[in-house]
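Listing of structure_17.cif, mmCIF, C-alpha atoms
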```cif
data_data
loop_
_atom_site.label_atom_id
_atom_site.label_comp_id
_atom_site.auth_asym_id
_atom_site.auth_seq_id
_atom_site.Cartn_x
_atom_site.Cartn_y
_atom_site.Cartn_z
CA MET A 256 39.30 16.82 44.67
CA SER A 257 36.49 17.70 47.07
CA ASP A 258 33.05 16.20 46.55
CA THR A 259 31.46 19.66 46.46
CA LEU A 260 33.69 20.62 43.56
CA ARG A 261 32.86 17.44 41.69
CA ILE A 262 29.13 18.07 42.07
CA VAL A 263 29.51 21.73 41.05
CA LEU A 264 31.50 20.73 37.96
CA PHE A 265 29.02 17.99 37.05
CA VAL A 266 26.04 20.35 37.33
CA GLY A 267 27.94 23.05 35.45
CA VAL A 268 28.76 20.77 32.53
CA CYS A 269 25.17 19.45 32.39
CA LEU A 270 23.93 23.04 32.21
CA TYR A 271 26.44 23.74 29.44
CA LEU A 272 25.26 20.71 27.45
CA LEU A 273 21.64 21.74 27.94
CA ILE A 274 22.42 25.17 26.50
CA VAL A 275 24.11 23.57 23.48
CA PHE A 276 21.11 21.31 22.88
CA TYR A 277 18.71 24.22 23.34
CA LEU A 278 20.57 26.17 20.66
CA LEU A 279 20.51 23.13 18.39
CA ARG A 280 16.76 22.71 18.90
CA LYS A 281 16.15 26.34 18.05
CA LYS A 282 18.30 25.78 14.97
CA SER A 283 20.45 28.74 16.01
CA LEU A 284 23.43 26.41 16.08
CA GLU A 285 24.35 24.24 13.12
CA LEU A 286 24.81 20.61 14.13
CA LYS A 287 28.03 20.28 12.19
CA TYR A 288 29.71 23.00 14.23
CA SER A 289 28.21 21.87 17.50
CA LEU A 290 29.96 18.48 17.40
CA ILE A 291 33.17 19.80 18.90
CA TRP A 292 31.24 21.66 21.64
CA ILE A 293 29.35 18.49 22.50
CA GLY A 294 32.58 16.49 22.43
CA THR A 295 34.21 18.96 24.80
CA GLY A 296 31.19 18.79 27.09
CA ILE A 297 31.35 14.99 27.24
CA ALA A 298 35.09 15.12 27.96
CA MET A 299 34.45 17.59 30.80
CA LEU A 300 31.68 15.36 32.14
CA ILE A 301 34.06 12.39 32.25
CA CYS A 302 36.62 14.48 34.11
CA ALA A 303 34.05 15.62 36.62
CA ILE A 304 32.80 12.08 37.23
CA SER A 305 36.21 10.43 37.56
CA PRO A 306 38.99 12.88 38.46
CA GLU A 307 41.38 9.92 38.64
CA LEU A 308 41.61 10.12 34.86
CA VAL A 309 42.72 13.73 35.14
CA PHE A 310 45.35 12.81 37.73
CA ALA A 311 46.67 10.05 35.48
CA LEU A 312 46.78 12.38 32.49
CA THR A 313 48.63 15.00 34.57
CA LYS A 314 51.35 12.50 35.44
CA LEU A 315 51.53 11.35 31.82
CA LEU A 316 52.10 14.89 30.59
CA GLY A 317 54.77 15.50 33.23
CA ILE A 318 52.80 18.30 34.89
CA GLU A 319 52.92 18.98 38.65
CA MET A 320 49.40 20.07 39.52
CA PRO A 321 46.21 18.55 37.99
CA VAL A 322 44.61 21.99 37.83
CA ASN A 323 47.42 23.15 35.53
CA ALA A 324 46.79 20.17 33.27
CA ILE A 325 43.15 21.13 33.06
CA PHE A 326 44.03 24.71 32.17
CA LEU A 327 46.47 23.52 29.53
CA LEU A 328 44.00 21.14 27.94
CA GLY A 329 41.26 23.75 28.17
CA HIS A 330 43.42 26.28 26.33
CA LEU A 331 44.35 23.73 23.68
CA PHE A 332 40.69 23.04 23.06
CA GLU A 333 39.99 26.75 22.78
CA VAL A 334 42.74 27.19 20.21
CA LEU A 335 41.33 24.24 18.28
CA ILE A 336 37.83 25.67 18.30
CA LEU A 337 39.04 29.14 17.30
CA MET A 338 41.02 27.62 14.45
CA MET A 339 37.90 25.77 13.37
CA LEU A 340 35.89 28.99 13.43
CA SER A 341 38.56 30.74 11.34
CA LEU A 342 38.33 27.95 8.77
CA ILE A 343 34.55 28.24 8.70
CA ALA A 344 34.72 32.02 8.28
CA SER A 345 37.26 31.63 5.46
CA ARG A 346 35.11 29.10 3.66
CA ASN A 347 32.05 31.32 3.99
CA LYS A 348 34.01 34.28 2.62
CA ARG A 349 35.00 32.26 -0.47
CA ARG A 350 31.45 31.09 -1.05
CA ILE A 351 30.03 34.59 -0.66
CA LYS A 352 32.55 35.90 -3.15
CA ASP A 353 31.52 33.20 -5.66
CA LEU A 354 27.86 34.03 -5.05
CA VAL A 355 28.44 37.77 -5.53
CA GLN A 356 30.31 37.20 -8.77
CA GLN A 357 27.60 34.90 -10.12
CA ASN A 358 25.02 37.46 -9.10
CA GLY A 359 26.92 40.12 -11.02
CA LEU A 360 27.08 37.97 -14.14
CA LEU A 361 23.38 37.18 -13.80
CA GLU A 362 22.50 40.87 -13.49
CA LYS A 363 24.37 41.55 -16.73
CA ARG A 364 22.41 38.79 -18.48
CA VAL A 365 19.10 40.16 -17.21
CA ARG A 366 20.07 43.68 -18.26
CA ASP A 367 20.97 42.44 -21.74
CA LEU A 368 17.59 40.67 -21.97
CA GLU A 369 15.80 43.83 -20.83
CA GLU A 370 17.60 45.84 -23.52
CA ILE A 371 16.60 43.33 -26.17
CA GLY A 372 13.04 43.45 -24.85
CA SER A 373 12.83 47.24 -24.94
CA LYS A 374 14.43 47.36 -28.43
CA LYS A 375 11.72 45.02 -29.69
CA ASP A 376 9.04 47.28 -28.22
CA GLY A 377 10.77 50.24 -29.86
CA THR A 378 10.53 48.79 -33.38
CA GLU A 379 6.92 47.70 -32.84
CA HIS A 380 5.79 51.17 -31.97
CA GLY A 381 8.29 52.91 -34.24
CA MET B 256 -1.33 15.39 -10.88
CA LYS B 257 1.81 17.23 -11.93
CA ALA B 258 4.92 15.27 -11.08
CA LEU B 259 8.47 16.57 -11.11
CA VAL B 260 11.61 14.43 -11.12
CA ILE B 261 14.45 16.13 -9.26
CA VAL B 262 17.96 15.07 -10.24
CA PRO B 263 20.73 16.37 -7.99
CA ALA B 264 24.05 16.03 -9.78
CA TYR B 265 27.62 16.61 -8.71
CA ASN B 266 30.51 15.67 -11.01
CA GLU B 267 28.40 13.23 -12.99
CA GLU B 268 29.66 14.01 -16.51
CA LYS B 269 29.95 10.28 -17.23
CA ASN B 270 26.54 9.21 -15.94
CA ILE B 271 24.23 12.16 -16.51
CA GLY B 272 23.80 11.73 -20.27
CA ASN B 273 22.39 8.21 -20.00
CA LEU B 274 20.22 9.15 -17.07
CA ILE B 275 18.66 12.12 -18.87
CA SER B 276 17.90 10.01 -21.94
CA SER B 277 16.01 7.46 -19.85
CA ILE B 278 14.11 10.13 -17.92
CA ASN B 279 13.15 11.80 -21.20
CA GLU B 280 11.57 8.54 -22.31
CA THR B 281 9.30 8.46 -19.27
CA GLY B 282 7.73 11.76 -20.25
CA TYR B 283 7.74 13.20 -16.75
CA ASP B 284 8.85 16.77 -16.12
CA TYR B 285 12.26 16.95 -14.58
CA ILE B 286 14.83 19.42 -13.32
CA VAL B 287 18.53 18.69 -12.92
CA ILE B 288 20.26 20.54 -10.12
CA ASN B 289 23.91 20.93 -11.01
CA ASP B 290 25.56 21.39 -7.62
CA CYS B 291 28.48 23.47 -8.87
CA SER B 292 30.21 20.47 -10.45
CA ARG B 293 33.92 20.76 -11.02
CA ASP B 294 33.81 18.62 -14.16
CA ASN B 295 31.93 19.07 -17.42
CA THR B 296 28.49 18.09 -16.14
CA VAL B 297 26.97 21.47 -17.00
CA ASP B 298 28.38 21.39 -20.55
CA ILE B 299 26.73 18.04 -21.15
CA LEU B 300 23.46 19.38 -19.74
CA LYS B 301 23.66 22.34 -22.11
CA GLN B 302 24.45 20.08 -25.08
CA LEU B 303 21.46 17.85 -24.38
CA GLY B 304 19.14 20.81 -23.92
CA THR B 305 18.30 19.58 -20.43
CA ARG B 306 16.18 21.64 -18.11
CA TYR B 307 18.59 22.44 -15.28
CA ILE B 308 19.51 24.79 -12.49
CA ASP B 309 23.16 25.71 -12.13
CA LEU B 310 24.05 26.44 -8.52
CA PRO B 311 26.86 29.02 -8.18
CA VAL B 312 28.14 27.46 -4.96
CA ASN B 313 28.27 23.80 -3.91
CA LEU B 314 25.59 23.06 -1.32
CA GLY B 315 25.74 19.29 -1.00
CA ILE B 316 22.93 16.82 -1.62
CA GLY B 317 20.58 18.37 0.95
CA GLY B 318 20.83 21.87 -0.47
CA ALA B 319 20.63 20.64 -4.05
CA VAL B 320 17.51 18.55 -3.45
CA GLN B 321 15.91 21.37 -1.49
CA THR B 322 16.52 23.64 -4.49
CA GLY B 323 14.48 21.11 -6.47
CA TYR B 324 11.70 21.23 -3.86
CA LYS B 325 11.68 25.02 -4.02
CA TYR B 326 11.39 24.80 -7.79
CA ALA B 327 8.55 22.30 -7.44
CA ARG B 328 6.75 24.61 -5.06
CA ALA B 329 7.28 27.67 -7.27
CA TYR B 330 5.84 25.90 -10.32
CA GLY B 331 2.93 24.25 -8.54
CA TYR B 332 3.94 20.60 -8.77
CA ASP B 333 1.90 18.10 -6.75
CA ILE B 334 4.49 15.37 -6.55
CA ALA B 335 8.28 15.55 -6.41
CA ILE B 336 10.53 12.53 -6.89
CA GLN B 337 14.24 12.48 -6.18
CA ILE B 338 16.42 10.46 -8.55
CA ASP B 339 20.16 10.57 -7.89
CA GLY B 340 22.41 11.85 -10.66
CA ASP B 341 24.70 8.83 -10.55
CA GLY B 342 22.18 6.57 -12.29
CA GLN B 343 21.89 4.08 -9.42
CA HIS B 344 18.14 4.58 -9.15
CA ASP B 345 16.15 2.51 -11.62
CA ILE B 346 13.53 4.77 -13.15
CA SER B 347 11.20 1.95 -14.11
CA TYR B 348 9.75 2.15 -10.61
CA LEU B 349 8.66 5.77 -11.12
CA PRO B 350 5.06 5.07 -12.19
CA GLU B 351 4.45 2.77 -9.22
CA ILE B 352 5.89 5.23 -6.73
CA ILE B 353 4.02 8.18 -8.22
CA LYS B 354 0.74 6.26 -8.20
CA MET B 355 1.08 5.60 -4.47
CA ILE B 356 1.31 9.33 -3.83
CA GLU B 357 -1.55 10.07 -6.23
CA ASP B 358 -3.78 7.52 -4.50
CA GLY B 359 -2.97 9.05 -1.15
CA VAL B 360 -1.50 5.80 0.15
CA ALA B 361 1.29 7.77 1.75
CA ASP B 362 2.72 11.27 1.96
CA ILE B 363 6.22 10.00 1.31
CA VAL B 364 7.19 6.87 -0.60
CA ILE B 365 10.73 5.58 -0.32
CA GLY B 366 12.31 3.10 -2.68
CA SER B 367 14.05 0.54 -0.50
CA ARG B 368 16.67 -1.81 -1.85
CA PHE B 369 16.41 -4.00 1.23
CA LEU B 370 12.70 -4.87 1.20
CA LYS B 371 13.12 -7.59 -1.39
CA LYS B 372 16.92 -7.65 -1.24
CA GLU B 373 17.22 -7.52 -5.02
CA GLY B 374 19.86 -5.68 -6.98
CA PHE B 375 22.86 -3.84 -5.60
CA GLN B 376 22.87 -4.33 -1.83
CA SER B 377 25.80 -2.08 -0.90
CA SER B 378 28.73 -3.17 1.28
CA ARG B 379 28.25 -5.04 4.57
CA ALA B 380 29.59 -2.11 6.54
CA ARG B 381 27.06 0.22 4.97
CA ARG B 382 24.24 -2.23 5.49
CA THR B 383 25.07 -2.46 9.19
CA GLY B 384 25.12 1.31 9.46
CA ILE B 385 21.81 1.60 7.64
CA ARG B 386 20.25 -1.03 9.90
CA PHE B 387 21.34 0.95 12.94
CA LEU B 388 19.82 4.13 11.53
CA ASN B 389 16.60 2.27 10.69
CA TRP B 390 16.40 1.13 14.30
CA LEU B 391 17.16 4.60 15.66
CA ILE B 392 14.46 6.16 13.52
CA THR B 393 11.90 3.62 14.69
CA LEU B 394 12.97 4.23 18.29
CA VAL B 395 12.65 7.97 17.95
CA CYS B 396 9.40 8.34 16.02
CA GLY B 397 7.90 4.90 15.47
CA ILE B 398 8.25 4.83 11.68
CA LYS B 399 9.30 1.40 10.46
CA ILE B 400 11.86 1.67 7.73
CA THR B 401 14.28 -0.63 5.94
CA ASP B 402 16.34 1.81 3.89
CA ALA B 403 16.65 5.10 5.72
CA THR B 404 19.45 6.41 3.52
CA SER B 405 17.72 5.86 0.19
CA GLY B 406 17.50 9.02 -1.86
CA TYR B 407 14.96 7.39 -4.14
CA ARG B 408 11.83 8.97 -2.69
CA ALA B 409 8.66 10.72 -3.73
CA ILE B 410 6.78 13.32 -1.70
CA ASN B 411 3.39 14.96 -2.02
CA LYS B 412 2.47 18.64 -2.11
CA LYS B 413 2.25 18.94 1.68
CA PHE B 414 5.88 17.93 2.03
CA ILE B 415 7.07 19.87 -1.00
CA ASP B 416 5.85 22.84 0.98
CA ILE B 417 7.44 21.72 4.26
CA TYR B 418 10.79 20.66 2.83
CA SER B 419 11.18 23.73 0.66
CA LYS B 420 11.14 25.75 3.86
CA ALA B 421 13.41 23.49 5.92
CA TYR B 422 15.47 20.52 4.82
CA PRO B 423 18.62 19.07 6.42
CA THR B 424 21.82 19.97 4.56
CA ASP B 425 24.32 17.20 5.35
CA TYR B 426 23.27 13.59 4.68
CA PRO B 427 19.61 14.54 4.80
CA GLU B 428 17.83 11.28 4.02
CA PRO B 429 17.40 9.73 7.50
CA GLU B 430 16.76 13.05 9.23
CA ALA B 431 14.11 13.97 6.67
CA ILE B 432 12.11 10.88 7.66
CA VAL B 433 12.05 11.95 11.30
CA ALA B 434 11.14 15.49 10.22
CA ALA B 435 8.24 14.02 8.23
CA ALA B 436 7.00 12.20 11.33
CA MET B 437 7.01 15.50 13.18
CA TYR B 438 4.38 16.72 10.73
CA GLY B 439 2.30 13.59 10.94
CA GLY B 440 3.51 12.36 7.57
CA LYS B 441 2.77 8.82 6.47
CA VAL B 442 5.88 7.12 5.15
CA SER B 443 5.72 3.98 3.01
CA GLU B 444 8.37 1.94 1.28
CA VAL B 445 8.36 0.01 -1.97
CA PRO B 446 10.99 -2.52 -3.01
CA VAL B 447 13.26 -1.25 -5.77
CA VAL B 448 16.37 -2.46 -7.48
CA MET B 449 19.37 -0.16 -7.37
CA LYS B 450 22.30 -0.49 -9.70
CA GLU B 451 25.92 -0.36 -8.76
CA ARG B 452 27.59 2.93 -9.59
CA VAL B 453 28.92 2.69 -13.17
CA ASN B 454 31.23 5.67 -13.50
CA GLY B 455 32.84 8.22 -11.29
CA THR B 456 33.41 7.94 -7.56
CA SER B 457 30.99 8.01 -4.68
CA SER B 458 31.37 10.96 -2.38
CA ILE B 459 31.49 8.74 0.74
CA ASN B 460 34.58 6.96 2.17
CA VAL B 461 35.55 5.26 5.47
CA LYS B 462 36.47 8.34 7.51
CA LYS B 463 33.45 10.17 6.23
CA SER B 464 31.27 7.16 7.07
CA ILE B 465 32.11 7.33 10.78
CA TYR B 466 31.49 11.08 10.82
CA TYR B 467 28.27 10.39 8.94
CA MET B 468 27.03 7.86 11.50
CA VAL B 469 27.78 10.10 14.48
CA LYS B 470 26.36 13.19 12.85
CA VAL B 471 23.22 11.59 11.48
CA SER B 472 22.44 9.80 14.76
CA LEU B 473 22.82 13.03 16.67
CA ALA B 474 20.78 14.91 14.07
CA ILE B 475 17.97 12.38 14.40
CA LEU B 476 17.93 12.83 18.18
CA VAL B 477 17.99 16.61 17.93
CA CYS B 478 15.26 16.56 15.28
CA ARG B 479 13.08 14.47 17.56
CA ALA B 480 13.86 16.71 20.53
CA SER B 481 12.83 19.77 18.52
CA ALA B 482 9.42 18.27 17.93
CA GLY B 483 8.37 17.88 21.51
CA ARG B 484 4.87 16.47 21.58
CA ARG B 485 4.33 17.15 17.88
CA CYS B 486 5.74 13.82 16.76
CA ARG B 487 2.89 11.46 15.99
CA VAL B 488 3.45 7.82 15.26
CA THR B 489 1.89 6.74 11.99
CA ASP B 490 1.61 3.20 10.73
CA SER B 491 3.43 2.51 7.49
#
```

Encoding of this model in structure tokens:
Amino acid sequence: MSDTLRIVLFVGVCLYLLIVFYLLRKKSLELKYSLIWIGTGIAMLICAISPELVFALTKLLGIEMPVNAIFLLGHLFEVLILMMLSLIASRNKRRIKDLVQQNGLLEKRVRDLEEIGSKKDGTEHG
Amino acid sequence: MKALVIVPAYNEEKNIGNLISSINETGYDYIVINDCSRDNTVDILKQLGTRYIDLPVNLGIGGAVQTGYKYARAYGYDIAIQIDGDGQHDISYLPEIIKMIEDGVADIVIGSRFLKKEGFQSSRARRTGIRFLNWLITLVCGIKITDATSGYRAINKKFIDIYSKAYPTDYPEPEAIVAAAMYGGKVSEVPVVMKERVNGTSSINVKKSIYYMVKVSLAILVCRASAGRRCRVTDS
């Protein structure tokens, strides 16, 4: 791997991590969900600093070219993150449903109370 | 000064009855936050005529306690004290803790089980983890603390206002201390005795503990980073 590429990758990953931390600071990104992004960033940083690890991993996986190993691992990470996002979306959907139902039940209770209240007024003035 | 005891409770059907009886005896106002328990906690609360809020969705300890702070703010309380629903916090320390807030000794008073090392001291693994967090908090904002994870804490009106607007959701206790420092809050500790959990199961286990340590440490760093120059060191 050329030195230029290593420097470019290193700077790129640092920029990426800075963006993640910026979003965390602004509270736009929830820390819980950012953990896997940060983990990925650290893994990429390690690869950029010591490509020998990548070469070793390539051999271990029985892949010819290191760049293919990186693509494969990159895609696997993406699938993992997308799966995680699907799980989060599903959980949120369930919780919103529960909230909506409780809200509906609450509205009924308030309406019943209002009816009782207006009935009382009715008899007072009636 | 009006004080409110906030009792977050999740699946505490076995412990909550005893706890409510003892809190009733103290005469302080209180509000139980039932965090969408799966067991019969809410039925017991209804039976005892407890003042409670029933959350329709589980939020976790951070969200539940923040609900209490929002309640405190809405009803004009000057002091809010968190007492965990599992009965591990000994309420006999309430007057002392409340007095410290009333006298303006501190903005936040935390009951630490490690100051005098009396009572339930938790497992060695947990103690090591807590010591690390104590150190990290001191490193990051200068506040000296011995029990960063203690939920037994009282806050004054300034922080009822601040926390009701923003409070960490997962494992909030250590992060909340750093957040307090960001607002120039004075944090003090008093020695308390905590009891071992009598019934039910704790919501923390080994795998969760590792996740907890990583997450909380990172959260503390991010919290500090968000403050920029705002973080002022205050002596405890």

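Applied to the file shown here, the PyMOL selection byres ((chain B) within 8 of (chain A)) selects the residues Pro311, Val312, Lys470, Ala474, Val477, Cys478, Ala480 and Ser481 of chain B.
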
Practice prompt. Write out as a list in words which residues come within 12 Å of Lys372 of chain B when counting only C-alpha atoms, dropping same-chain ones fewer than 5 positions away.
Written response: Gly366, Ser367, Ser377, Arg382, Thr401, Asp402, Val445, Pro446, Val447, Val448 and Met449 of chain B

Worksheet item: Taking (28.0, 9.4, 2.7) in the file's coordinates, which residues come within 12 Å, counting only C-alpha atoms, written as a ChimeraX atom specification?
Response: /B:315-317,381,384-385,404-406,425-429,456-471

Fill in: Surrounding residues of segment 411-422 of chain B excluding itself and chain neighbours under 2 positions, 8 Å, all atoms listed in the file, as a PyMOL selection string
chain B and resi 317-318+321-322+324-325+327-328+332-335+356+362-363+409+424+427+431+435

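We find atom CA of Glu307 of chain A and atom CA of Ser289 of chain A to be spaced 27.6 Å apart.
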
Draw an axis-aligned box tight on the listed atoms of segment 421-437 of chain B, then pad every side by 8 Å and write out centre and edge lengths in Å to one decimal as lines of an AutoDock Vina configuration file.
```
center_x = 15.7
center_y = 16.6
center_z = 8.6
size_x = 33.3
size_y = 29.8
size_z = 25.2
```

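Pairwise distance (atom CA of Gly272 of chain B, atom CA of Lys301 of chain B) equals 10.8 Å.
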
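Picture a line from atom CA of Val309 of chain A to atom CA of Tyr288 of chain A; it runs 26.3 Å.
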